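Peer 1: As input, take protein24.cif (mmCIF, C-alpha atoms):
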```cif
data_upload
#
loop_
_atom_site.group_PDB
_atom_site.id
_atom_site.type_symbol
_atom_site.label_atom_id
_atom_site.label_comp_id
_atom_site.auth_asym_id
_atom_site.auth_seq_id
_atom_site.Cartn_x
_atom_site.Cartn_y
_atom_site.Cartn_z
ATOM 1 C CA LEU A 1 1.706 17.119 -4.829
ATOM 2 C CA HIS A 2 5.316 15.998 -5.126
ATOM 3 C CA PRO A 3 7.453 19.166 -5.008
ATOM 4 C CA GLN A 4 10.260 17.574 -7.036
ATOM 5 C CA TYR A 5 8.140 16.447 -9.984
ATOM 6 C CA ALA A 6 9.046 18.274 -13.192
ATOM 7 C CA THR A 7 5.362 19.000 -13.821
ATOM 8 C CA THR A 8 4.970 20.583 -10.383
ATOM 9 C CA GLN A 9 8.059 22.718 -10.843
ATOM 10 C CA TRP A 10 6.951 23.760 -14.348
ATOM 11 C CA ALA A 11 3.483 24.740 -13.099
ATOM 12 C CA ARG A 12 4.923 26.886 -10.325
ATOM 13 C CA LYS A 13 6.952 28.869 -12.865
ATOM 14 C CA GLN A 14 3.938 29.807 -15.025
ATOM 15 C CA ASP A 15 2.778 32.594 -12.720
ATOM 16 C CA LYS A 16 -0.777 31.312 -12.982
ATOM 17 C CA PRO A 17 -3.114 29.754 -10.406
ATOM 18 C CA PHE A 18 -2.892 25.980 -10.261
ATOM 19 C CA ILE A 19 -4.471 23.283 -8.121
ATOM 20 C CA GLN A 20 -2.733 20.215 -6.715
ATOM 21 C CA ILE A 21 -4.808 17.092 -6.077
ATOM 22 C CA GLN A 22 -3.467 14.334 -3.853
ATOM 23 C CA HIS A 23 -2.697 11.115 -5.725
ATOM 24 C CA HIS A 24 -4.943 8.679 -3.832
ATOM 25 C CA TYR A 25 -7.800 11.152 -3.616
ATOM 26 C CA ALA A 26 -7.590 11.364 -7.426
ATOM 27 C CA HIS A 27 -7.773 7.564 -7.607
ATOM 28 C CA VAL A 28 -11.031 7.611 -5.643
ATOM 29 C CA LEU A 29 -12.431 10.557 -7.594
ATOM 30 C CA SER A 30 -11.875 8.751 -10.897
ATOM 31 C CA ALA A 31 -14.065 5.855 -9.751
ATOM 32 C CA MET A 32 -16.617 8.294 -8.323
ATOM 33 C CA PHE A 33 -16.789 9.955 -11.741
ATOM 34 C CA GLU A 34 -17.390 6.641 -13.496
ATOM 35 C CA HIS A 35 -20.171 5.729 -11.060
ATOM 36 C CA HIS A 36 -21.699 9.263 -11.067
ATOM 37 C CA LEU A 37 -21.139 9.794 -7.352
ATOM 38 C CA LYS A 38 -20.897 13.110 -5.546
ATOM 39 C CA GLU A 39 -21.958 12.011 -2.057
ATOM 40 C CA LYS A 40 -19.527 10.994 0.667
ATOM 41 C CA VAL A 41 -17.886 7.604 0.106
ATOM 42 C CA LEU A 42 -15.181 5.508 1.720
ATOM 43 C CA GLY A 43 -12.279 5.281 -0.695
ATOM 44 C CA ILE A 44 -9.788 2.425 -0.317
ATOM 45 C CA ALA A 45 -6.762 3.355 -2.431
ATOM 46 C CA TRP A 46 -3.854 0.910 -2.353
ATOM 47 C CA ASP A 47 -0.848 1.171 -4.651
ATOM 48 C CA GLY A 48 2.923 1.381 -4.778
ATOM 49 C CA THR A 49 3.702 5.025 -4.090
ATOM 50 C CA GLY A 50 1.961 8.371 -3.962
ATOM 51 C CA TYR A 51 3.041 11.607 -2.296
ATOM 52 C CA GLY A 52 1.014 12.268 0.849
ATOM 53 C CA ASP A 53 -0.108 15.493 2.480
ATOM 54 C CA ASP A 54 2.444 14.973 5.256
ATOM 55 C CA GLY A 55 5.383 14.541 2.872
ATOM 56 C CA THR A 56 5.567 10.776 3.379
ATOM 57 C CA ILE A 57 4.870 8.073 0.799
ATOM 58 C CA TRP A 58 1.261 6.903 0.954
ATOM 59 C CA GLY A 59 -0.253 3.804 -0.604
ATOM 60 C CA GLY A 60 -2.401 2.030 1.978
ATOM 61 C CA GLU A 61 -5.199 4.569 2.307
ATOM 62 C CA PHE A 62 -8.745 4.673 3.615
ATOM 63 C CA LEU A 63 -10.132 8.090 2.657
ATOM 64 C CA LEU A 64 -13.505 9.555 3.547
ATOM 65 C CA CYS A 65 -14.231 11.486 0.340
ATOM 66 C CA ASP A 66 -16.670 13.635 -1.552
ATOM 67 C CA THR A 67 -15.938 15.860 -4.538
ATOM 68 C CA THR A 68 -14.854 18.784 -2.358
ATOM 69 C CA SER A 69 -12.533 17.229 0.239
ATOM 70 C CA TYR A 70 -11.224 14.078 1.907
ATOM 71 C CA GLU A 71 -10.082 12.833 5.294
ATOM 72 C CA ARG A 72 -7.500 10.108 5.881
ATOM 73 C CA VAL A 73 -9.353 7.837 8.298
ATOM 74 C CA ALA A 74 -7.064 4.769 8.313
ATOM 75 C CA PHE A 75 -3.712 3.697 6.893
ATOM 76 C CA PHE A 76 -1.075 1.003 7.224
ATOM 77 C CA GLU A 77 1.644 1.579 9.803
ATOM 78 C CA PRO A 78 4.558 3.313 8.045
ATOM 79 C CA PHE A 79 8.065 1.939 7.716
ATOM 80 C CA TYR A 80 11.310 3.430 6.429
ATOM 81 C CA LEU A 81 12.025 2.880 2.735
ATOM 82 C CA LEU A 82 15.764 2.290 3.032
ATOM 83 C CA GLY A 83 17.565 4.321 0.395
ATOM 84 C CA GLY A 84 14.318 5.551 -1.127
ATOM 85 C CA ASP A 85 13.937 4.283 -4.689
ATOM 86 C CA ALA A 86 16.779 1.817 -4.095
ATOM 87 C CA SER A 87 14.332 -0.267 -2.049
ATOM 88 C CA ILE A 88 11.899 -0.442 -4.954
ATOM 89 C CA ARG A 89 14.675 -1.853 -7.129
ATOM 90 C CA ASP A 90 15.987 -4.153 -4.379
ATOM 91 C CA ILE A 91 12.872 -5.311 -2.535
ATOM 92 C CA LYS A 92 14.680 -7.344 0.098
ATOM 93 C CA ARG A 93 15.525 -3.977 1.680
ATOM 94 C CA ILE A 94 11.823 -3.445 2.334
ATOM 95 C CA LEU A 95 11.574 -6.636 4.361
ATOM 96 C CA LEU A 96 14.803 -5.754 6.160
ATOM 97 C CA SER A 97 13.378 -2.394 7.230
ATOM 98 C CA LEU A 98 10.328 -4.163 8.652
ATOM 99 C CA LEU A 99 12.582 -6.657 10.442
ATOM 100 C CA PHE A 100 14.507 -3.796 12.035
ATOM 101 C CA ASP A 101 11.166 -2.404 13.259
ATOM 102 C CA ILE A 102 10.201 -5.824 14.610
ATOM 103 C CA GLU A 103 13.529 -6.031 16.438
ATOM 104 C CA GLN A 104 12.996 -2.564 17.942
ATOM 105 C CA ASN A 105 9.672 -3.819 19.300
ATOM 106 C CA GLY A 106 11.532 -6.443 21.316
ATOM 107 C CA HIS A 107 11.261 -9.480 19.056
ATOM 108 C CA SER A 108 14.136 -11.746 18.107
ATOM 109 C CA LEU A 109 15.182 -11.941 14.461
ATOM 110 C CA GLU A 110 16.310 -15.548 14.849
ATOM 111 C CA PRO A 111 13.304 -16.861 12.840
ATOM 112 C CA PHE A 112 14.458 -14.734 9.902
ATOM 113 C CA THR A 113 17.946 -16.202 9.497
ATOM 114 C CA GLN A 114 17.211 -17.214 5.899
ATOM 115 C CA GLN A 115 16.013 -13.733 4.950
ATOM 116 C CA LEU A 116 18.916 -11.997 6.702
ATOM 117 C CA SER A 117 21.351 -14.262 4.832
ATOM 118 C CA LEU A 118 20.387 -12.402 1.648
ATOM 119 C CA PHE A 119 22.731 -9.637 2.900
ATOM 120 C CA ASN A 120 26.400 -9.801 3.807
ATOM 121 C CA LYS A 121 27.580 -8.448 7.166
ATOM 122 C CA ASP A 122 28.731 -5.132 5.739
ATOM 123 C CA GLU A 123 25.396 -4.562 3.998
ATOM 124 C CA LEU A 124 23.490 -5.307 7.186
ATOM 125 C CA LYS A 125 25.664 -2.893 9.157
ATOM 126 C CA VAL A 126 25.235 -0.061 6.649
ATOM 127 C CA LEU A 127 21.497 -0.595 6.210
ATOM 128 C CA HIS A 128 20.976 -0.774 9.971
ATOM 129 C CA LYS A 129 22.696 2.599 10.304
ATOM 130 C CA ILE A 130 20.574 4.015 7.487
ATOM 131 C CA HIS A 131 17.456 2.734 9.273
ATOM 132 C CA SER A 132 18.414 4.011 12.733
ATOM 133 C CA LYS A 133 19.425 7.465 11.476
ATOM 134 C CA HIS A 134 16.670 7.662 8.809
ATOM 135 C CA ILE A 135 19.196 8.538 6.102
ATOM 136 C CA ASN A 136 17.517 9.009 2.703
ATOM 137 C CA SER A 137 14.707 6.774 3.947
ATOM 138 C CA PRO A 138 11.238 8.309 3.661
ATOM 139 C CA LEU A 139 8.364 6.896 5.656
ATOM 140 C CA CYS A 140 6.120 4.692 3.548
ATOM 141 C CA SER A 141 2.640 3.220 4.180
ATOM 142 C CA SER A 142 2.230 1.515 0.817
ATOM 143 C CA VAL A 143 0.447 -1.825 0.483
ATOM 144 C CA GLY A 144 2.306 -2.368 -2.789
ATOM 145 C CA ARG A 145 5.605 -2.193 -0.926
ATOM 146 C CA ILE A 146 4.276 -4.563 1.767
ATOM 147 C CA PHE A 147 3.561 -7.008 -1.074
ATOM 148 C CA ASP A 148 7.267 -6.689 -1.938
ATOM 149 C CA ALA A 149 8.242 -7.675 1.605
ATOM 150 C CA VAL A 150 5.883 -10.658 1.520
ATOM 151 C CA ALA A 151 7.416 -11.741 -1.786
ATOM 152 C CA VAL A 152 10.805 -11.885 -0.072
ATOM 153 C CA MET A 153 9.294 -14.034 2.690
ATOM 154 C CA CYS A 154 8.079 -16.331 -0.097
ATOM 155 C CA GLY A 155 11.580 -16.569 -1.559
ATOM 156 C CA LEU A 156 10.825 -14.507 -4.666
ATOM 157 C CA SER A 157 13.189 -11.544 -4.252
ATOM 158 C CA ASP A 158 15.486 -12.614 -7.087
ATOM 159 C CA GLN A 159 12.551 -13.074 -9.481
ATOM 160 C CA ILE A 160 11.139 -9.521 -9.358
ATOM 161 C CA SER A 161 12.179 -7.559 -12.437
ATOM 162 C CA TYR A 162 9.796 -4.559 -12.373
ATOM 163 C CA ASP A 163 7.774 -2.502 -9.904
ATOM 164 C CA GLY A 164 4.540 -4.273 -9.014
ATOM 165 C CA GLU A 165 5.573 -7.739 -10.190
ATOM 166 C CA SER A 166 5.546 -9.009 -6.613
ATOM 167 C CA GLY A 167 1.748 -8.696 -6.565
ATOM 168 C CA LEU A 168 1.468 -11.022 -9.549
ATOM 169 C CA MET A 169 3.873 -13.482 -7.956
ATOM 170 C CA ILE A 170 1.932 -13.545 -4.683
ATOM 171 C CA GLU A 171 -1.340 -13.934 -6.578
ATOM 172 C CA ALA A 172 0.077 -16.930 -8.458
ATOM 173 C CA LEU A 173 0.806 -18.632 -5.127
ATOM 174 C CA TYR A 174 -2.732 -18.144 -3.788
ATOM 175 C CA ASP A 175 -4.569 -21.304 -2.740
ATOM 176 C CA GLU A 176 -8.331 -20.792 -2.500
ATOM 177 C CA THR A 177 -8.666 -23.800 -0.183
ATOM 178 C CA ILE A 178 -6.751 -21.843 2.483
ATOM 179 C CA THR A 179 -9.348 -19.711 4.260
ATOM 180 C CA GLU A 180 -7.308 -18.553 7.265
ATOM 181 C CA ALA A 181 -6.095 -14.952 7.395
ATOM 182 C CA TYR A 182 -3.266 -13.263 9.258
ATOM 183 C CA PRO A 183 -4.672 -11.051 12.061
ATOM 184 C CA LEU A 184 -4.346 -7.378 11.165
ATOM 185 C CA LYS A 185 -5.171 -4.907 13.939
ATOM 186 C CA LEU A 186 -6.686 -1.421 13.705
ATOM 187 C CA ASP A 187 -5.249 0.829 16.434
ATOM 188 C CA GLY A 188 -6.952 4.192 16.115
ATOM 189 C CA LYS A 189 -6.260 5.109 12.494
ATOM 190 C CA ILE A 190 -3.232 2.836 12.116
ATOM 191 C CA ILE A 191 -3.428 -0.708 10.741
ATOM 192 C CA GLN A 192 -0.861 -2.829 12.570
ATOM 193 C CA TYR A 193 0.579 -5.582 10.377
ATOM 194 C CA LYS A 194 4.286 -5.952 11.147
ATOM 195 C CA HIS A 195 3.642 -8.713 13.710
ATOM 196 C CA ILE A 196 2.329 -11.009 10.972
ATOM 197 C CA PHE A 197 5.841 -11.439 9.562
ATOM 198 C CA ASN A 198 6.653 -13.518 12.644
ATOM 199 C CA LEU A 199 3.695 -15.730 11.729
ATOM 200 C CA MET A 200 4.932 -15.961 8.139
ATOM 201 C CA ALA A 201 8.307 -17.152 9.424
ATOM 202 C CA GLU A 202 6.484 -19.923 11.299
ATOM 203 C CA ASP A 203 4.366 -20.901 8.283
ATOM 204 C CA LYS A 204 7.322 -21.082 5.868
ATOM 205 C CA ASP A 205 5.207 -22.455 2.976
ATOM 206 C CA PRO A 206 4.933 -19.715 0.286
ATOM 207 C CA HIS A 207 1.415 -20.827 -0.680
ATOM 208 C CA VAL A 208 0.230 -20.518 2.914
ATOM 209 C CA ILE A 209 1.943 -17.145 3.376
ATOM 210 C CA ALA A 210 0.538 -15.676 0.154
ATOM 211 C CA SER A 211 -2.981 -16.973 0.780
ATOM 212 C CA LYS A 212 -3.242 -15.847 4.391
ATOM 213 C CA PHE A 213 -1.801 -12.442 3.472
ATOM 214 C CA ILE A 214 -4.298 -11.781 0.670
ATOM 215 C CA ASN A 215 -7.115 -12.997 2.919
ATOM 216 C CA ALA A 216 -5.906 -10.624 5.639
ATOM 217 C CA LEU A 217 -6.006 -7.630 3.292
ATOM 218 C CA ALA A 218 -9.533 -8.480 2.186
ATOM 219 C CA CYS A 219 -10.649 -8.887 5.804
ATOM 220 C CA ILE A 220 -9.267 -5.555 7.029
ATOM 221 C CA ALA A 221 -10.802 -3.733 4.047
ATOM 222 C CA ASP A 222 -14.160 -5.347 4.766
ATOM 223 C CA THR A 223 -13.944 -4.634 8.508
ATOM 224 C CA ILE A 224 -13.303 -0.926 8.020
ATOM 225 C CA ALA A 225 -15.934 -0.661 5.266
ATOM 226 C CA ARG A 226 -18.504 -2.144 7.671
ATOM 227 C CA ASP A 227 -17.627 0.513 10.257
ATOM 228 C CA PHE A 228 -18.426 3.383 7.876
ATOM 229 C CA LYS A 229 -21.482 1.864 6.167
ATOM 230 C CA LEU A 230 -21.042 4.000 3.046
ATOM 231 C CA LYS A 231 -20.620 3.171 -0.603
ATOM 232 C CA THR A 232 -17.037 1.946 -0.775
ATOM 233 C CA ILE A 233 -14.672 2.616 -3.668
ATOM 234 C CA VAL A 234 -11.638 0.353 -4.145
ATOM 235 C CA CYS A 235 -8.919 1.586 -6.480
ATOM 236 C CA GLY A 236 -5.184 1.835 -7.057
ATOM 237 C CA GLY A 237 -2.755 -0.532 -8.709
ATOM 238 C CA VAL A 238 -2.870 -3.126 -5.921
ATOM 239 C CA PHE A 239 -6.481 -3.872 -6.868
ATOM 240 C CA GLN A 240 -5.317 -5.042 -10.279
ATOM 241 C CA ASN A 241 -4.766 -8.185 -8.210
ATOM 242 C CA ARG A 242 -7.898 -10.014 -9.302
ATOM 243 C CA THR A 243 -7.640 -12.559 -6.498
ATOM 244 C CA LEU A 244 -7.597 -9.848 -3.835
ATOM 245 C CA LEU A 245 -10.511 -7.990 -5.426
ATOM 246 C CA GLU A 246 -12.611 -11.134 -5.845
ATOM 247 C CA LYS A 247 -11.877 -12.216 -2.260
ATOM 248 C CA LEU A 248 -13.018 -8.845 -0.936
ATOM 249 C CA LEU A 249 -16.179 -8.896 -3.031
ATOM 250 C CA SER A 250 -16.961 -12.444 -1.903
ATOM 251 C CA ILE A 251 -16.792 -11.696 1.840
ATOM 252 C CA SER A 252 -18.213 -8.187 1.958
ATOM 253 C CA GLN A 253 -21.833 -7.325 2.522
ATOM 254 C CA GLU A 254 -21.161 -3.628 1.858
ATOM 255 C CA ASN A 255 -21.771 -1.781 -1.407
ATOM 256 C CA ILE A 256 -18.303 -2.004 -2.981
ATOM 257 C CA LEU A 257 -17.610 -0.323 -6.306
ATOM 258 C CA PHE A 258 -14.524 -0.227 -8.508
ATOM 259 C CA PRO A 259 -13.670 1.180 -11.949
ATOM 260 C CA HIS A 260 -14.779 -0.788 -15.005
ATOM 261 C CA ASN A 261 -14.172 1.601 -17.913
ATOM 262 C CA ILE A 262 -11.438 3.774 -16.401
ATOM 263 C CA PRO A 263 -8.119 2.118 -15.453
ATOM 264 C CA ILE A 264 -7.945 1.234 -11.766
ATOM 265 C CA ASN A 265 -4.229 2.094 -11.688
ATOM 266 C CA ASP A 266 -2.401 5.403 -12.241
ATOM 267 C CA SER A 267 -3.613 5.632 -15.849
ATOM 268 C CA GLY A 268 -7.020 6.612 -14.450
ATOM 269 C CA ILE A 269 -6.134 9.376 -12.008
ATOM 270 C CA CYS A 270 -6.373 12.105 -14.655
ATOM 271 C CA MET A 271 -10.140 11.540 -14.741
ATOM 272 C CA GLY A 272 -10.255 12.042 -10.976
ATOM 273 C CA GLN A 273 -8.295 15.269 -11.280
ATOM 274 C CA LEU A 274 -10.689 16.527 -13.964
ATOM 275 C CA TYR A 275 -13.729 15.474 -11.918
ATOM 276 C CA LYS A 276 -12.421 17.503 -8.982
ATOM 277 C CA MET A 277 -12.023 20.549 -11.245
ATOM 278 C CA LEU A 278 -15.452 20.162 -12.837
ATOM 279 C CA SER A 279 -17.092 19.779 -9.430
ATOM 280 C CA LYS A 280 -15.861 23.137 -8.122
#
```
Written as structure tokens, that's how I'd like the structure from this file.
Peer 2:
Amino acid sequence: LHPQYATTQWARKQDKPFIQIQHHYAHVLSAMFEHHLKEKVLGIAWDGTGYGDDGTIWGGEFLLCDTTSYERVAFFEPFYLLGGDASIRDIKRILLSLLFDIEQNGHSLEPFTQQLSLFNKDELKVLHKIHSKHINSPLCSSVGRIFDAVAVMCGLSDQISYDGESGLMIEALYDETITEAYPLKLDGKIIQYKHIFNLMAEDKDPHVIASKFINALACIADTIARDFKLKTIVCGGVFQNRTLLEKLLSISQENILFPHNIPINDSGICMGQLYKMLSK
């Protein structure tokens, strides 16, 4: 859907009909194709970035899908991606944006002195202005980017060298003996999670933070899947995190499916796009 993609612009110039298929819907469709499904399913598509219907960056999606249409039934509360792609390269900006949101909600940033010290005073001033005026800062609801913010809380910001590496780092810190989970809240369609960063600041220990965060993601996915009582598809690059996927499968009593022969990440969405076309 992204209007600035070269492929989108090329297609528009061909003077021929063309169909655009939303990124996360294509993720779900690819797994539906592999499992020979045409009925309505709940698709849980979590990744780094994907252009949404509303022009914001999606990536924490619960989609009610069949092969003809989809409905966005739940998603993670958006935040501003400060400087756009600059935040993906410098992930401490992602945490900072969330901290600015926390401050706007009336909470002190005193527990985050260590994280704020990653910026000098001038940087904080400029980034605060960017956040308050929404300058080149698209809204983002991506679980992959939330992983980035958690990695900064775990002290890993200087160790991330490519997009998505934070998920591997958090997974490496996971301690299966820690069964507690941070409390995520579903408010209407919006999953509230920003408050858990205050709890992370209290916990301090990276192993505790990583473990309770992954457990929290598995719990919210299971909770929403139970509400819909449909076959549930999980897909998107975040679910390359084996620990997260295994945790979800271990606690869920719902029928949860995921790709086995088609890549669960962006390499598989072409099959979803084709499945949509063949199902017309």
Peer 1: Taking into account all atoms listed in the file, which residue in the set A:Leu109, A:Leu1, A:Met271, A:Leu127 is nearest to Asp53 of chain A?
Peer 2: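 Looking at the shortest contact to Asp53 of chain A, the residue is A:Leu1.
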Peer 1: Compile a residue-level contact table for segment 21-53 of chain A against segment 147-168 of chain A at a cut-off of 12 Å, reporting for every qualifying residue the shortest atom pair and its distance in Å to one decimal, with only C-alpha atoms counted, rows ordered by chain and ascending number, as JSON lines.
Peer 2:
```
{"residue": "A:Trp46", "atom": "CA", "partner": "A:Phe147", "partner_atom": "CA", "distance": 10.9}
{"residue": "A:Asp47", "atom": "CA", "partner": "A:Gly164", "partner_atom": "CA", "distance": 8.8}
{"residue": "A:Gly48", "atom": "CA", "partner": "A:Gly164", "partner_atom": "CA", "distance": 7.2}
{"residue": "A:Thr49", "atom": "CA", "partner": "A:Asp163", "partner_atom": "CA", "distance": 10.3}
```
Peer 1: What does the structure give for the distance between atom CA of Ile19 of chain A and atom CA of Pro259 of chain A, in Å to one decimal?
Peer 2: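 Calculated distance between atom CA of Ile19 of chain A and atom CA of Pro259 of chain A is 24.2 Å.
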Peer 1: Could you check how far atom CA of Ile269 of chain A sits from atom CA of Ala31 of chain A, in Å to one decimal?
Peer 2: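 Taking atom CA of Ile269 of chain A as the start and atom CA of Ala31 of chain A as the end point, the length is 9.0 Å.
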Peer 1: Convert the output of the PyMOL selection byres ((chain A and resi 234-250) around 8) on the shown file into explicit residues, formatted as a ChimeraX atom specification.
Peer 2: /A:24,27-28,31,43-48,143-144,167-168,171,174,214-215,217-219,221-222,232-233,251-252,256-259,264-266
Peer 1: Write out as a PDB file with C-alpha atoms, keeping the file's coordinate frame each polymer residue whose atoms come within 12 Å of Phe100 of chain A, counting only C-alpha atoms; drop sequence neighbours fewer than 2 positions from it.
Peer 2:
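File produced: out.pdb:
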```pdb
ATOM      1  CA  PHE A  79       8.065   1.939   7.716  1.00  0.00           C
ATOM      2  CA  TYR A  80      11.310   3.430   6.429  1.00  0.00           C
ATOM      3  CA  LEU A  81      12.025   2.880   2.735  1.00  0.00           C
ATOM      4  CA  LEU A  82      15.764   2.290   3.032  1.00  0.00           C
ATOM      5  CA  ARG A  93      15.525  -3.977   1.680  1.00  0.00           C
ATOM      6  CA  ILE A  94      11.823  -3.445   2.334  1.00  0.00           C
ATOM      7  CA  LEU A  95      11.574  -6.636   4.361  1.00  0.00           C
ATOM      8  CA  LEU A  96      14.803  -5.754   6.160  1.00  0.00           C
ATOM      9  CA  SER A  97      13.378  -2.394   7.230  1.00  0.00           C
ATOM     10  CA  LEU A  98      10.328  -4.163   8.652  1.00  0.00           C
ATOM     11  CA  ILE A 102      10.201  -5.824  14.610  1.00  0.00           C
ATOM     12  CA  GLU A 103      13.529  -6.031  16.438  1.00  0.00           C
ATOM     13  CA  GLN A 104      12.996  -2.564  17.942  1.00  0.00           C
ATOM     14  CA  ASN A 105       9.672  -3.819  19.300  1.00  0.00           C
ATOM     15  CA  GLY A 106      11.532  -6.443  21.316  1.00  0.00           C
ATOM     16  CA  HIS A 107      11.261  -9.480  19.056  1.00  0.00           C
ATOM     17  CA  SER A 108      14.136 -11.746  18.107  1.00  0.00           C
ATOM     18  CA  LEU A 109      15.182 -11.941  14.461  1.00  0.00           C
ATOM     19  CA  PHE A 112      14.458 -14.734   9.902  1.00  0.00           C
ATOM     20  CA  LEU A 116      18.916 -11.997   6.702  1.00  0.00           C
ATOM     21  CA  LEU A 124      23.490  -5.307   7.186  1.00  0.00           C
ATOM     22  CA  LYS A 125      25.664  -2.893   9.157  1.00  0.00           C
ATOM     23  CA  LEU A 127      21.497  -0.595   6.210  1.00  0.00           C
ATOM     24  CA  HIS A 128      20.976  -0.774   9.971  1.00  0.00           C
ATOM     25  CA  LYS A 129      22.696   2.599  10.304  1.00  0.00           C
ATOM     26  CA  ILE A 130      20.574   4.015   7.487  1.00  0.00           C
ATOM     27  CA  HIS A 131      17.456   2.734   9.273  1.00  0.00           C
ATOM     28  CA  SER A 132      18.414   4.011  12.733  1.00  0.00           C
ATOM     29  CA  LYS A 194       4.286  -5.952  11.147  1.00  0.00           C
ATOM     30  CA  PHE A 197       5.841 -11.439   9.562  1.00  0.00           C
TER      31      PHE A 197
END
```
Peer 1: Looking at only C-alpha atoms, which of A:Ile178, A:Cys270, A:Ile262, A:Leu139 is the one that sits closest to Ile57 of chain A?
Peer 2: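 Once distances to Ile57 of chain A are computed over only C-alpha atoms, the minimum belongs to A:Leu139.
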Peer 1: With the PyMOL selection byres ((chain A and resi 196) around 10) as the selection, what would be picked from this file? Answer as an MDAnalysis selection string, please.
Peer 2: chainID A and resid 181:184 192:195 197:202 209 212:213 216
Peer 1: Between A:Arg226, A:Arg72, A:Lys38, A:Ile88, which is the closest to Leu278 of chain A once you count only C-alpha atoms?
Peer 2: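 Checking each of A:Arg226, A:Arg72, A:Lys38, A:Ile88 against Leu278 of chain A, counting only C-alpha atoms, the winner is A:Lys38.
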Peer 1: Counting all atoms listed in the file, figure out which residue out of A:Gly59, A:Pro78, A:Pro263, A:Gly50 gets nearest to His23 of chain A.
Peer 2: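 Going through A:Gly59, A:Pro78, A:Pro263, A:Gly50 one by one, the smallest distance to His23 of chain A is for A:Gly50.
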Peer 1: Could you expand the PyMOL selection byres ((chain A and resi 190) around 7) into the explicit residues it covers here, written as a PyMOL selection string?
Peer 2: chain A and resi 74-77+186-189+191-192
Peer 1: Provide the atom CA of Glu61 of chain A to atom CA of Ala225 of chain A distance in Å, to one decimal place.
Peer 2: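 Atom CA of Glu61 of chain A sits 12.3 Å away from atom CA of Ala225 of chain A.
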Peer 1: Assuming 6 Å of padding per side, give the centre and edge lengths of the axis-aligned box around every listed atom of segment 55-66 of chain A, in Å to one decimal and as JSON.
Peer 2:
```
{"center_x": -5.6, "center_y": 8.3, "center_z": 1.0, "size_x": 34.2, "size_y": 24.5, "size_z": 17.2}
```
Peer 1: Taking into account all atoms listed in the file, which residue in the set A:Tyr51, A:Phe18, A:Cys140, A:Arg145 is nearest to Pro3 of chain A?
Peer 2: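 When distances to Pro3 of chain A are compared using all atoms listed in the file, the smallest one comes from A:Tyr51.
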Peer 1: Which is closest to Lys40 of chain A among A:Glu123, A:Gly52, A:Leu64, A:Leu173, if we use only C-alpha atoms?
Peer 2: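 Selected residue with least distance to Lys40 of chain A: A:Leu64.
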